[in-house]
file start-v8.pdb (PDB, C-alpha atoms)
MODEL        1
ATOM      1  CA  MET A1316      27.172 -53.180 -74.841
ATOM      2  CA  VAL A1317      24.758 -53.099 -77.761
ATOM      3  CA  CYS A1318      25.281 -53.119 -81.553
ATOM      4  CA  ILE A1319      23.642 -50.695 -83.960
ATOM      5  CA  ASN A1320      24.136 -51.373 -87.655
ATOM      6  CA  GLY A1321      26.894 -53.695 -86.758
ATOM      7  CA  HIS A1322      28.742 -51.122 -84.666
ATOM      8  CA  PRO A1323      29.175 -51.712 -80.985
ATOM      9  CA  MET A1324      27.765 -49.006 -78.746
ATOM     10  CA  LEU A1325      28.151 -48.437 -74.990
ATOM     11  CA  ARG A1326      24.967 -48.656 -72.957
ATOM     12  CA  PRO A1327      24.210 -45.210 -71.465
ATOM     13  CA  ARG A1328      24.442 -45.047 -67.741
ATOM     14  CA  PRO A1329      21.214 -44.387 -65.805
ATOM     15  CA  PRO A1330      20.915 -40.874 -64.272
ATOM     16  CA  ARG A1331      22.228 -40.503 -60.753
ATOM     17  CA  THR A1332      19.799 -40.132 -57.795
ATOM     18  CA  GLY A1333      20.328 -38.304 -54.434
ATOM     19  CA  ALA A1334      22.588 -35.333 -53.636
ATOM     20  CA  THR A1335      26.243 -34.805 -54.078
ATOM     21  CA  LEU A1336      28.621 -34.079 -51.217
ATOM     22  CA  ILE A1337      28.858 -30.454 -52.228
ATOM     23  CA  GLU A1338      25.082 -30.119 -52.217
ATOM     24  CA  LEU A1339      24.908 -31.668 -48.732
ATOM     25  CA  VAL A1340      27.528 -29.267 -47.418
ATOM     26  CA  VAL A1341      25.680 -26.282 -48.852
ATOM     27  CA  ALA A1342      22.353 -27.489 -47.438
ATOM     28  CA  LEU A1343      23.843 -28.053 -43.961
ATOM     29  CA  THR A1344      25.439 -24.610 -44.031
ATOM     30  CA  VAL A1345      22.163 -22.915 -44.951
ATOM     31  CA  PHE A1346      20.239 -24.897 -42.323
ATOM     32  CA  GLY A1347      22.780 -24.019 -39.639
ATOM     33  CA  PHE A1348      22.544 -20.343 -40.531
ATOM     34  CA  ILE A1349      18.738 -20.423 -40.329
ATOM     35  CA  ALA A1350      18.809 -22.328 -37.019
ATOM     36  CA  THR A1351      21.317 -19.884 -35.514
ATOM     37  CA  THR A1352      19.191 -16.921 -36.613
ATOM     38  CA  CYS A1353      16.049 -18.461 -35.140
ATOM     39  CA  LEU A1354      17.743 -19.262 -31.829
ATOM     40  CA  ALA A1355      19.126 -15.732 -31.600
ATOM     41  CA  SER A1356      15.669 -14.291 -32.268
ATOM     42  CA  LEU A1357      14.092 -16.520 -29.631
ATOM     43  CA  SER A1358      16.770 -15.553 -27.112
ATOM     44  CA  THR A1359      16.219 -11.856 -27.818
ATOM     45  CA  ALA A1360      12.453 -12.261 -27.468
ATOM     46  CA  ALA A1361      12.886 -14.124 -24.172
ATOM     47  CA  ARG A1362      15.149 -11.395 -22.764
ATOM     48  CA  SER A1363      12.730  -8.706 -23.902
ATOM     49  CA  TYR A1364       9.839 -10.526 -22.262
ATOM     50  CA  GLU A1365      11.812 -10.911 -19.019
ATOM     51  CA  ARG A1366      12.710  -7.225 -19.001
ATOM     52  CA  ALA A1367       9.119  -6.206 -19.660
ATOM     53  CA  THR A1368       7.916  -8.520 -16.891
ATOM     54  CA  LEU A1369      10.425  -7.151 -14.355
ATOM     55  CA  THR A1370       9.618  -3.568 -15.296
ATOM     56  CA  THR A1371       5.865  -4.154 -15.090
ATOM     57  CA  ASP A1372       6.232  -5.889 -11.739
ATOM     58  CA  GLN A1373       8.293  -3.020 -10.335
ATOM     59  CA  ARG A1374       5.844  -0.415 -11.544
ATOM     60  CA  THR A1375       3.016  -2.427 -10.014
ATOM     61  CA  GLN A1376       4.854  -2.335  -6.681
ATOM     62  CA  LEU A1377       5.309   1.414  -6.961
ATOM     63  CA  ALA A1378       1.642   1.919  -7.812
ATOM     64  CA  ALA A1379       0.655  -0.167  -4.791
ATOM     65  CA  ALA A1380       2.921   1.920  -2.558
ATOM     66  CA  THR A1381       1.359   5.171  -3.740
ATOM     67  CA  GLN A1382      -2.112   3.752  -3.116
ATOM     68  CA  VAL A1383      -1.095   2.713   0.402
ATOM     69  CA  SER A1384       0.260   6.166   1.197
ATOM     70  CA  ASN A1385      -2.881   7.758  -0.217
ATOM     71  CA  ALA A1386      -5.220   5.529   1.801
ATOM     72  CA  LEU A1387      -3.346   6.020   5.072
ATOM     73  CA  LEU A1388      -2.494   9.713   4.890
ATOM     74  CA  ALA A1389      -5.397  11.319   3.043
ATOM     75  CA  GLY A1390      -7.555  11.568   6.176
ATOM     76  CA  VAL A1391      -5.017  13.050   8.599
ATOM     77  CA  SER A1392      -5.760  16.439  10.096
ATOM     78  CA  PRO A1393      -2.538  18.474  10.486
ATOM     79  CA  SER A1394      -4.321  21.323  12.279
ATOM     80  CA  ASP A1395      -5.444  18.862  14.984
ATOM     81  CA  GLY A1396      -1.990  17.400  15.470
ATOM     82  CA  ASP A1397      -2.479  14.167  13.522
ATOM     83  CA  ILE A1398       1.046  14.409  12.126
ATOM     84  CA  ILE A1399       3.418  13.457  14.946
ATOM     85  CA  THR A1400       6.723  13.741  13.069
ATOM     86  CA  ALA A1401       7.441  14.146   9.367
ATOM     87  CA  THR A1402      10.734  13.800   7.509
ATOM     88  CA  ASP A1403      11.666  13.210   3.895
ATOM     89  CA  THR A1404      11.795   9.406   4.354
ATOM     90  CA  ALA A1405       9.280   8.714   7.156
ATOM     91  CA  VAL A1406       6.089   9.996   8.734
ATOM     92  CA  ARG A1407       4.467   9.214  12.080
ATOM     93  CA  TYR A1408       0.807  10.121  12.358
ATOM     94  CA  TRP A1409      -2.484   9.347  14.046
ATOM     95  CA  GLY A1410      -4.461   7.089  11.711
ATOM     96  CA  THR A1411      -8.128   6.112  12.026
ATOM     97  CA  ILE A1412      -8.685   2.470  13.030
ATOM     98  CA  ALA A1413     -12.356   2.542  14.089
ATOM     99  CA  SER A1414     -15.482   4.667  14.085
ATOM    100  CA  GLY A1415     -18.763   4.355  15.888
ATOM    101  CA  VAL A1416     -21.527   5.833  17.977
ATOM    102  CA  ALA A1417     -21.652   5.804  21.761
ATOM    103  CA  CYS A1418     -24.485   3.447  22.713
ATOM    104  CA  ARG A1419     -23.945   3.968  26.449
ATOM    105  CA  THR A1420     -21.874   6.204  28.731
ATOM    106  CA  ALA A1421     -20.986   6.075  32.415
ATOM    107  CA  GLY A1422     -18.440   8.545  33.729
ATOM    108  CA  ALA A1423     -15.139   7.909  31.952
ATOM    109  CA  ASP A1424     -16.454   4.753  30.267
ATOM    110  CA  VAL A1425     -17.940   4.689  26.782
ATOM    111  CA  TRP A1426     -19.435   1.669  24.988
ATOM    112  CA  ILE A1427     -19.405   1.264  21.202
ATOM    113  CA  PRO A1428     -21.207  -1.682  19.581
ATOM    114  CA  HIS A1429     -19.226  -3.637  17.000
ATOM    115  CA  GLY A1430     -21.953  -5.373  15.091
ATOM    116  CA  ALA A1431     -25.628  -4.877  14.405
ATOM    117  CA  LEU A1432     -28.030  -4.384  17.291
ATOM    118  CA  ALA A1433     -31.508  -5.880  17.435
ATOM    119  CA  THR A1434     -32.744  -3.048  15.243
ATOM    120  CA  GLN A1435     -30.293  -4.289  12.547
ATOM    121  CA  THR A1436     -28.467  -0.971  12.854
ATOM    122  CA  THR A1437     -24.664  -1.074  12.735
ATOM    123  CA  LEU A1438     -23.241   1.635  14.984
ATOM    124  CA  GLY A1439     -19.568   0.696  14.968
ATOM    125  CA  ALA A1440     -16.895  -0.716  12.682
ATOM    126  CA  ALA A1441     -13.166  -1.164  13.066
ATOM    127  CA  ALA A1442     -10.161  -2.199  11.017
ATOM    128  CA  SER A1443      -8.335  -3.102  14.219
ATOM    129  CA  THR A1444      -9.373  -3.915  17.789
ATOM    130  CA  PRO A1445      -9.133  -0.889  20.137
ATOM    131  CA  GLN A1446      -6.295  -1.024  22.656
ATOM    132  CA  PRO A1447      -4.787   1.118  25.433
ATOM    133  CA  GLY A1448      -2.796   3.984  24.018
ATOM    134  CA  ASP A1449      -5.234   4.735  21.219
ATOM    135  CA  MET A1450      -6.743   8.198  20.854
ATOM    136  CA  ALA A1451     -10.512   8.771  20.931
ATOM    137  CA  VAL A1452     -11.833  11.803  19.063
ATOM    138  CA  VAL A1453     -15.315  12.452  20.446
ATOM    139  CA  TRP A1454     -18.046  14.885  19.457
ATOM    140  CA  ASP A1455     -18.940  16.674  22.675
ATOM    141  CA  GLU A1456     -22.065  18.850  22.526
ATOM    142  CA  GLY A1457     -21.182  20.581  25.781
ATOM    143  CA  PRO A1458     -23.421  21.442  28.727
ATOM    144  CA  SER A1459     -25.814  23.684  26.794
ATOM    145  CA  PRO A1460     -28.019  23.047  23.747
ATOM    146  CA  LEU A1461     -26.298  25.924  21.946
ATOM    147  CA  PRO A1462     -23.903  24.999  19.116
ATOM    148  CA  SER A1463     -21.272  27.400  20.452
ATOM    149  CA  ASP A1464     -19.917  24.813  22.907
ATOM    150  CA  ASP A1465     -20.029  21.854  20.482
ATOM    151  CA  ASN A1466     -16.573  20.594  19.652
ATOM    152  CA  TRP A1467     -14.426  17.573  18.831
ATOM    153  CA  THR A1468     -12.309  16.654  21.835
ATOM    154  CA  ARG A1469      -9.410  14.213  22.151
ATOM    155  CA  HIS A1470      -8.984  11.655  24.899
ATOM    156  CA  ARG A1471      -6.496   8.888  25.609
ATOM    157  CA  VAL A1472      -7.783   5.329  25.835
ATOM    158  CA  LEU A1473      -6.539   4.023  29.196
ATOM    159  CA  ALA A1474      -8.279   0.646  28.953
ATOM    160  CA  ALA A1475     -10.152  -1.229  26.243
ATOM    161  CA  SER A1476     -12.171  -4.419  26.555
ATOM    162  CA  THR A1477     -15.104  -6.147  24.886
ATOM    163  CA  SER A1478     -18.152  -7.661  26.510
ATOM    164  CA  ALA A1479     -21.594  -8.976  25.614
ATOM    165  CA  GLY A1480     -24.527  -6.690  26.271
ATOM    166  CA  GLY A1481     -22.406  -3.617  26.884
ATOM    167  CA  CYS A1482     -24.976  -1.374  25.248
ATOM    168  CA  VAL A1483     -27.827  -2.617  27.462
ATOM    169  CA  GLY A1484     -28.882   0.206  29.734
ATOM    170  CA  GLY A1485     -28.674   2.813  27.008
ATOM    171  CA  PRO A1486     -31.522   4.046  24.835
ATOM    172  CA  LEU A1487     -30.173   2.441  21.646
ATOM    173  CA  ALA A1488     -30.175  -1.182  22.830
ATOM    174  CA  HIS A1489     -33.010  -3.590  23.599
ATOM    175  CA  PRO A1490     -32.698  -4.937  27.164
ATOM    176  CA  VAL A1491     -33.332  -8.540  26.115
ATOM    177  CA  ARG A1492     -32.585  -8.923  22.437
ATOM    178  CA  ASP A1493     -29.258  -7.087  22.740
ATOM    179  CA  ALA A1494     -28.147  -8.885  25.911
ATOM    180  CA  SER A1495     -25.507 -10.786  23.925
ATOM    181  CA  ALA A1496     -24.590  -8.063  21.431
ATOM    182  CA  PRO A1497     -20.831  -7.365  21.712
ATOM    183  CA  ALA A1498     -19.561  -3.877  22.472
ATOM    184  CA  TRP A1499     -16.217  -2.246  23.169
ATOM    185  CA  ARG A1500     -15.789  -0.591  26.523
ATOM    186  CA  LEU A1501     -13.335   2.302  26.462
ATOM    187  CA  ASN A1502     -12.020   4.088  29.529
ATOM    188  CA  LEU A1503     -11.073   7.619  28.496
ATOM    189  CA  ALA A1504      -8.875  10.269  30.036
ATOM    190  CA  PRO A1505      -9.808  12.925  30.714
ATOM    191  CA  PRO A1506     -13.433  11.818  31.253
ATOM    192  CA  ILE A1507     -16.258  13.608  29.423
ATOM    193  CA  ASP A1508     -18.987  14.678  31.808
ATOM    194  CA  THR A1509     -21.172  16.059  29.022
ATOM    195  CA  LEU A1510     -20.847  13.108  26.608
ATOM    196  CA  ARG A1511     -24.236  11.958  25.408
ATOM    197  CA  THR A1512     -25.469   8.674  23.997
ATOM    198  CA  GLY A1513     -25.401   8.795  20.213
ATOM    199  CA  ALA A1514     -22.263  10.921  20.059
ATOM    200  CA  PRO A1515     -19.943   9.909  17.170
ATOM    201  CA  LEU A1516     -16.403   8.759  17.949
ATOM    202  CA  HIS A1517     -13.286   8.053  15.951
ATOM    203  CA  LEU A1518     -10.457   5.926  17.296
ATOM    204  CA  LEU A1519      -6.948   6.825  16.200
ATOM    205  CA  ARG A1520      -3.678   4.940  16.576
ATOM    206  CA  ALA A1521      -0.112   6.092  16.125
ATOM    207  CA  GLN A1522       1.110   4.643  12.831
ATOM    208  CA  ARG A1523       4.268   4.970  10.783
ATOM    209  CA  LEU A1524       5.278   4.821   7.124
ATOM    210  CA  ALA A1525       9.026   4.660   6.666
ATOM    211  CA  LEU A1526      11.854   3.447   4.484
ATOM    212  CA  TYR A1527      13.615   0.520   6.175
ATOM    213  CA  ASN A1528      16.416  -1.938   5.433
ATOM    214  CA  SER A1529      15.860  -5.692   5.476
ATOM    215  CA  ALA A1530      18.465  -8.205   4.293
ATOM    216  CA  GLY A1531      20.286  -5.498   2.379
ATOM    217  CA  GLU A1532      17.215  -4.232   0.517
ATOM    218  CA  TRP A1533      15.277  -1.048   1.218
ATOM    219  CA  SER A1534      11.484  -1.138   1.277
ATOM    220  CA  LEU A1535       8.533   1.021   2.267
ATOM    221  CA  GLY A1536       7.102  -0.366   5.504
ATOM    222  CA  TYR A1537       4.119   0.146   7.800
ATOM    223  CA  SER A1538       3.935  -0.296  11.568
ATOM    224  CA  GLU A1539       1.747   0.844  14.460
ATOM    225  CA  THR A1540       1.995   1.165  18.213
ATOM    226  CA  THR A1541       1.169  -1.794  20.473
ATOM    227  CA  PRO A1542       0.467  -2.056  24.215
ATOM    228  CA  ALA A1543       3.559  -4.268  24.638
ATOM    229  CA  GLY A1544       6.003  -1.940  22.926
ATOM    230  CA  PRO A1545       6.472   1.246  20.951
ATOM    231  CA  TRP A1546       5.976  -0.268  17.496
ATOM    232  CA  SER A1547       4.818  -3.498  15.945
ATOM    233  CA  VAL A1548       7.018  -5.458  13.554
ATOM    234  CA  ILE A1549       7.264  -3.376  10.415
ATOM    235  CA  GLN A1550       5.372  -4.830   7.471
ATOM    236  CA  PRO A1551       6.542  -4.289   3.874
ATOM    237  CA  ALA A1552       4.208  -2.228   1.720
ATOM    238  CA  ALA A1553       6.372  -2.106  -1.413
ATOM    239  CA  GLY A1554       9.902  -2.820  -2.508
ATOM    240  CA  PRO A1555      12.685  -3.212  -3.003
ATOM    241  CA  LEU A1556      13.285   0.521  -3.401
ATOM    242  CA  GLY A1557      16.389   2.571  -3.945
ATOM    243  CA  THR A1558      18.728   3.207  -1.027
ATOM    244  CA  PRO A1559      18.311   6.562   0.770
ATOM    245  CA  THR A1560      22.002   7.362   0.288
ATOM    246  CA  ALA A1561      21.899   6.859  -3.492
ATOM    247  CA  PRO A1562      21.028   9.701  -5.877
ATOM    248  CA  GLY A1563      17.259   9.801  -6.084
ATOM    249  CA  GLN A1564      16.465   8.086  -2.795
ATOM    250  CA  GLY A1565      13.950   5.246  -2.599
ATOM    251  CA  LEU A1566      11.326   7.330  -0.776
ATOM    252  CA  ALA A1567      11.028  11.097  -0.836
ATOM    253  CA  MET A1568       8.285  13.023   0.965
ATOM    254  CA  VAL A1569       7.915  16.741   0.409
ATOM    255  CA  TRP A1570       5.373  18.477   2.636
ATOM    256  CA  VAL A1571       4.003  21.760   1.296
ATOM    257  CA  ASP A1572       1.676  24.371   2.760
ATOM    258  CA  SER A1573      -1.306  26.028   1.090
ATOM    259  CA  THR A1574       1.021  28.364  -0.843
ATOM    260  CA  GLY A1575       3.042  25.478  -2.256
ATOM    261  CA  LEU A1576       6.116  26.146  -0.123
ATOM    262  CA  PRO A1577       7.814  23.255   1.715
ATOM    263  CA  GLY A1578       7.023  23.012   5.409
ATOM    264  CA  THR A1579       5.656  20.648   8.047
ATOM    265  CA  THR A1580       4.066  23.173  10.420
ATOM    266  CA  GLN A1581       0.736  23.425   8.595
ATOM    267  CA  PRO A1582       1.051  21.072   5.605
ATOM    268  CA  ALA A1583      -1.740  21.138   3.051
ATOM    269  CA  ALA A1584      -0.407  18.506   0.674
ATOM    270  CA  LEU A1585       2.205  15.811   0.400
ATOM    271  CA  GLN A1586       4.294  14.935  -2.622
ATOM    272  CA  VAL A1587       5.393  11.308  -2.457
ATOM    273  CA  THR A1588       8.113  10.092  -4.818
ATOM    274  CA  LEU A1589       9.114   6.427  -4.861
ATOM    275  CA  ARG A1590      12.119   5.157  -6.776
ATOM    276  CA  ALA A1591      13.022   1.525  -7.230
ATOM    277  CA  PRO A1592      15.627  -0.474  -9.145
ATOM    278  CA  THR A1593      14.026  -2.209 -12.097
ATOM    279  CA  ARG A1594      17.066  -4.508 -12.552
ATOM    280  CA  VAL A1595      16.893  -3.378 -16.185
ATOM    281  CA  ALA A1596      18.595  -0.257 -17.512
ATOM    282  CA  LEU A1597      16.013   2.304 -18.603
ATOM    283  CA  ARG A1598      16.782   5.402 -20.651
ATOM    284  CA  THR A1599      16.305   8.625 -18.690
ATOM    285  CA  PRO A1600      15.221  11.878 -20.412
ATOM    286  CA  THR A1601      18.348  13.825 -19.393
ATOM    287  CA  GLY A1602      21.051  11.210 -19.040
ATOM    288  CA  PRO A1603      22.337   7.736 -19.792
ATOM    289  CA  ARG A1604      20.525   4.541 -19.091
ATOM    290  CA  ALA A1605      19.961   3.835 -15.392
ATOM    291  CA  PRO A1606      18.323   0.850 -13.607
ATOM    292  CA  THR A1607      15.622   2.860 -11.793
ATOM    293  CA  ASP A1608      11.954   3.619 -12.171
ATOM    294  CA  SER A1609       9.773   6.033 -10.222
ATOM    295  CA  ALA A1610       6.220   6.854  -9.215
ATOM    296  CA  LEU A1611       5.006  10.291  -8.162
ATOM    297  CA  ARG A1612       1.861  11.017  -6.173
ATOM    298  CA  PHE A1613       0.600  14.449  -5.111
ATOM    299  CA  LEU A1614      -1.686  13.952  -2.142
ATOM    300  CA  ALA A1615      -3.959  16.735  -0.910
ATOM    301  CA  LEU A1616      -4.763  16.381   2.800
ATOM    302  CA  HIS A1617      -8.538  16.482   3.229
ATOM    303  CA  ASN A1618      -8.615  17.757   6.809
ATOM    304  CA  ARG A1619      -5.798  20.283   6.696
ATOM    305  CA  GLN A1620      -7.845  23.013   8.398
TER     306      GLN A1620
ENDMDL
END
call {"tool": "encode", "arguments": {"input": "start-v8.pdb", "output": "structure tokens"}}
result
Amino acid sequence: MVCINGHPMLRPRPPRTGATLIELVVALTVFGFIATTCLASLSTAARSYERATLTTDQRTQLAAATQVSNALLAGVSPSDGDIITATDTAVRYWGTIASGVACRTAGADVWIPHGALATQTTLGAAASTPQPGDMAVVWDEGPSPLPSDDNWTRHRVLAASTSAGGCVGGPLAHPVRDASAPAWRLNLAPPIDTLRTGAPLHLLRAQRLALYNSAGEWSLGYSETTPAGPWSVIQPAAGPLGTPTAPGQGLAMVWVDSTGLPGTTQPAALQVTLRAPTRVALRTPTGPRAPTDSALRFLALHNRQ
């Protein structure tokens, strides 16, 4: 207490510092609202990123599957019987596994070098080792020099082996420098009496693209014939895809002729449609959201005639 002019006066209280309880409650409420909004936004962004990632991954799988079908089927020759069987979910065909030039012939036996000879000339290359059961497509110039009897002929490979110096004895190999050069030896049936050294050859193998089920999921798979059995273990090319019994099956192949009509007798093109569950609902142009995505490839067969 102080006195002014003899009158007692109360000392004024100092101003308060800090926040009141009401101010703290308001601040906590606002902070909680902001934190909740931020967490919700982060959660939405995370879900959107996950959906985009799953969708992109699925479309990448579908693109890979269309590239596989294009690489394997573009070179088939329907007029020569390369297509063994064709359905809307599978195709069996003769696919090229090796190409080369005959460096030596002897009756039913043909040798193809796999590697460069002493002249540094590569006369053979293969994606897979030749085996019995393969098909050899050989350019046979016939008994006369006239082009009228030149033709591609098909022969079964009865036996296939590899040896060093197999080309020695033919005009394309050096007798000493190529003594260790590896070559495939193919025994063909029927034999080609008029086959000449330097004739080009293609080796074909029965292969298959098909929709198959593994552990409850459908995928596009590849397999080929083996000497020990009809087919090798199927290898996944893309998936998982939609089930064949569901609307819009996982794999749909439509074979069309030169007029655009469906048919497998003389197909000129193949329309491949792949559908796969994206695990995320996507809006379709004509209906509600559905968890599927698709890829379409129109493949013109190069050797259809």
call {"tool": "residues_around", "arguments": {"input": "start-v8.pdb", "residues": "Asn1502 (chain A)", "least_positions_apart": "2", "cutoff": "10 Å", "atoms": "only C-alpha atoms", "output": "MDAnalysis selection string"}}
result
chainID A and resid 1421:1426 1447 1451 1470:1476 1499:1500 1504:1506
call {"tool": "closest_residue", "arguments": {"input": "start-v8.pdb", "among": "A:Val1391, A:Val1571, A:Ala1442, A:Ala1514", "to": "Ala1413 (chain A)", "atoms": "only C-alpha atoms"}}
result
A:Ala1442
call {"tool": "resolve_selection", "arguments": {"input": "start-v8.pdb", "expression": "the PyMOL selection byres ((chain A and resi 1615) around 6)", "output": "JSON, numbers by chain"}}
result
{"A": [1584, 1614, 1616]}
call {"tool": "residues_around", "arguments": {"input": "start-v8.pdb", "residues": "Ala1521 (chain A)", "least_positions_apart": "2", "cutoff": "10 Å", "atoms": "only C-alpha atoms", "output": "ChimeraX atom specification"}}
result
/A:1397-1399,1407-1412,1448-1450,1519,1523,1538-1541,1545-1546
call {"tool": "atom_distance", "arguments": {"input": "start-v8.pdb", "atom1": "CA of Val1587 (chain A)", "atom2": "CA of Leu1566 (chain A)"}}
result
7.3 Å
call {"tool": "closest_residue", "arguments": {"input": "start-v8.pdb", "among": "A:Ala1498, A:Leu1524, A:Leu1518, A:Leu1377", "to": "Ser1443 (chain A)", "atoms": "all atoms listed in the file"}}
result
A:Leu1518
call {"tool": "resolve_selection", "arguments": {"input": "start-v8.pdb", "expression": "the PyMOL selection byres ((chain A and resi 1553) around 8)", "output": "PyMOL selection string"}}
result
chain A and resi 1376-1377+1379-1380+1534-1536+1551-1552+1554-1556
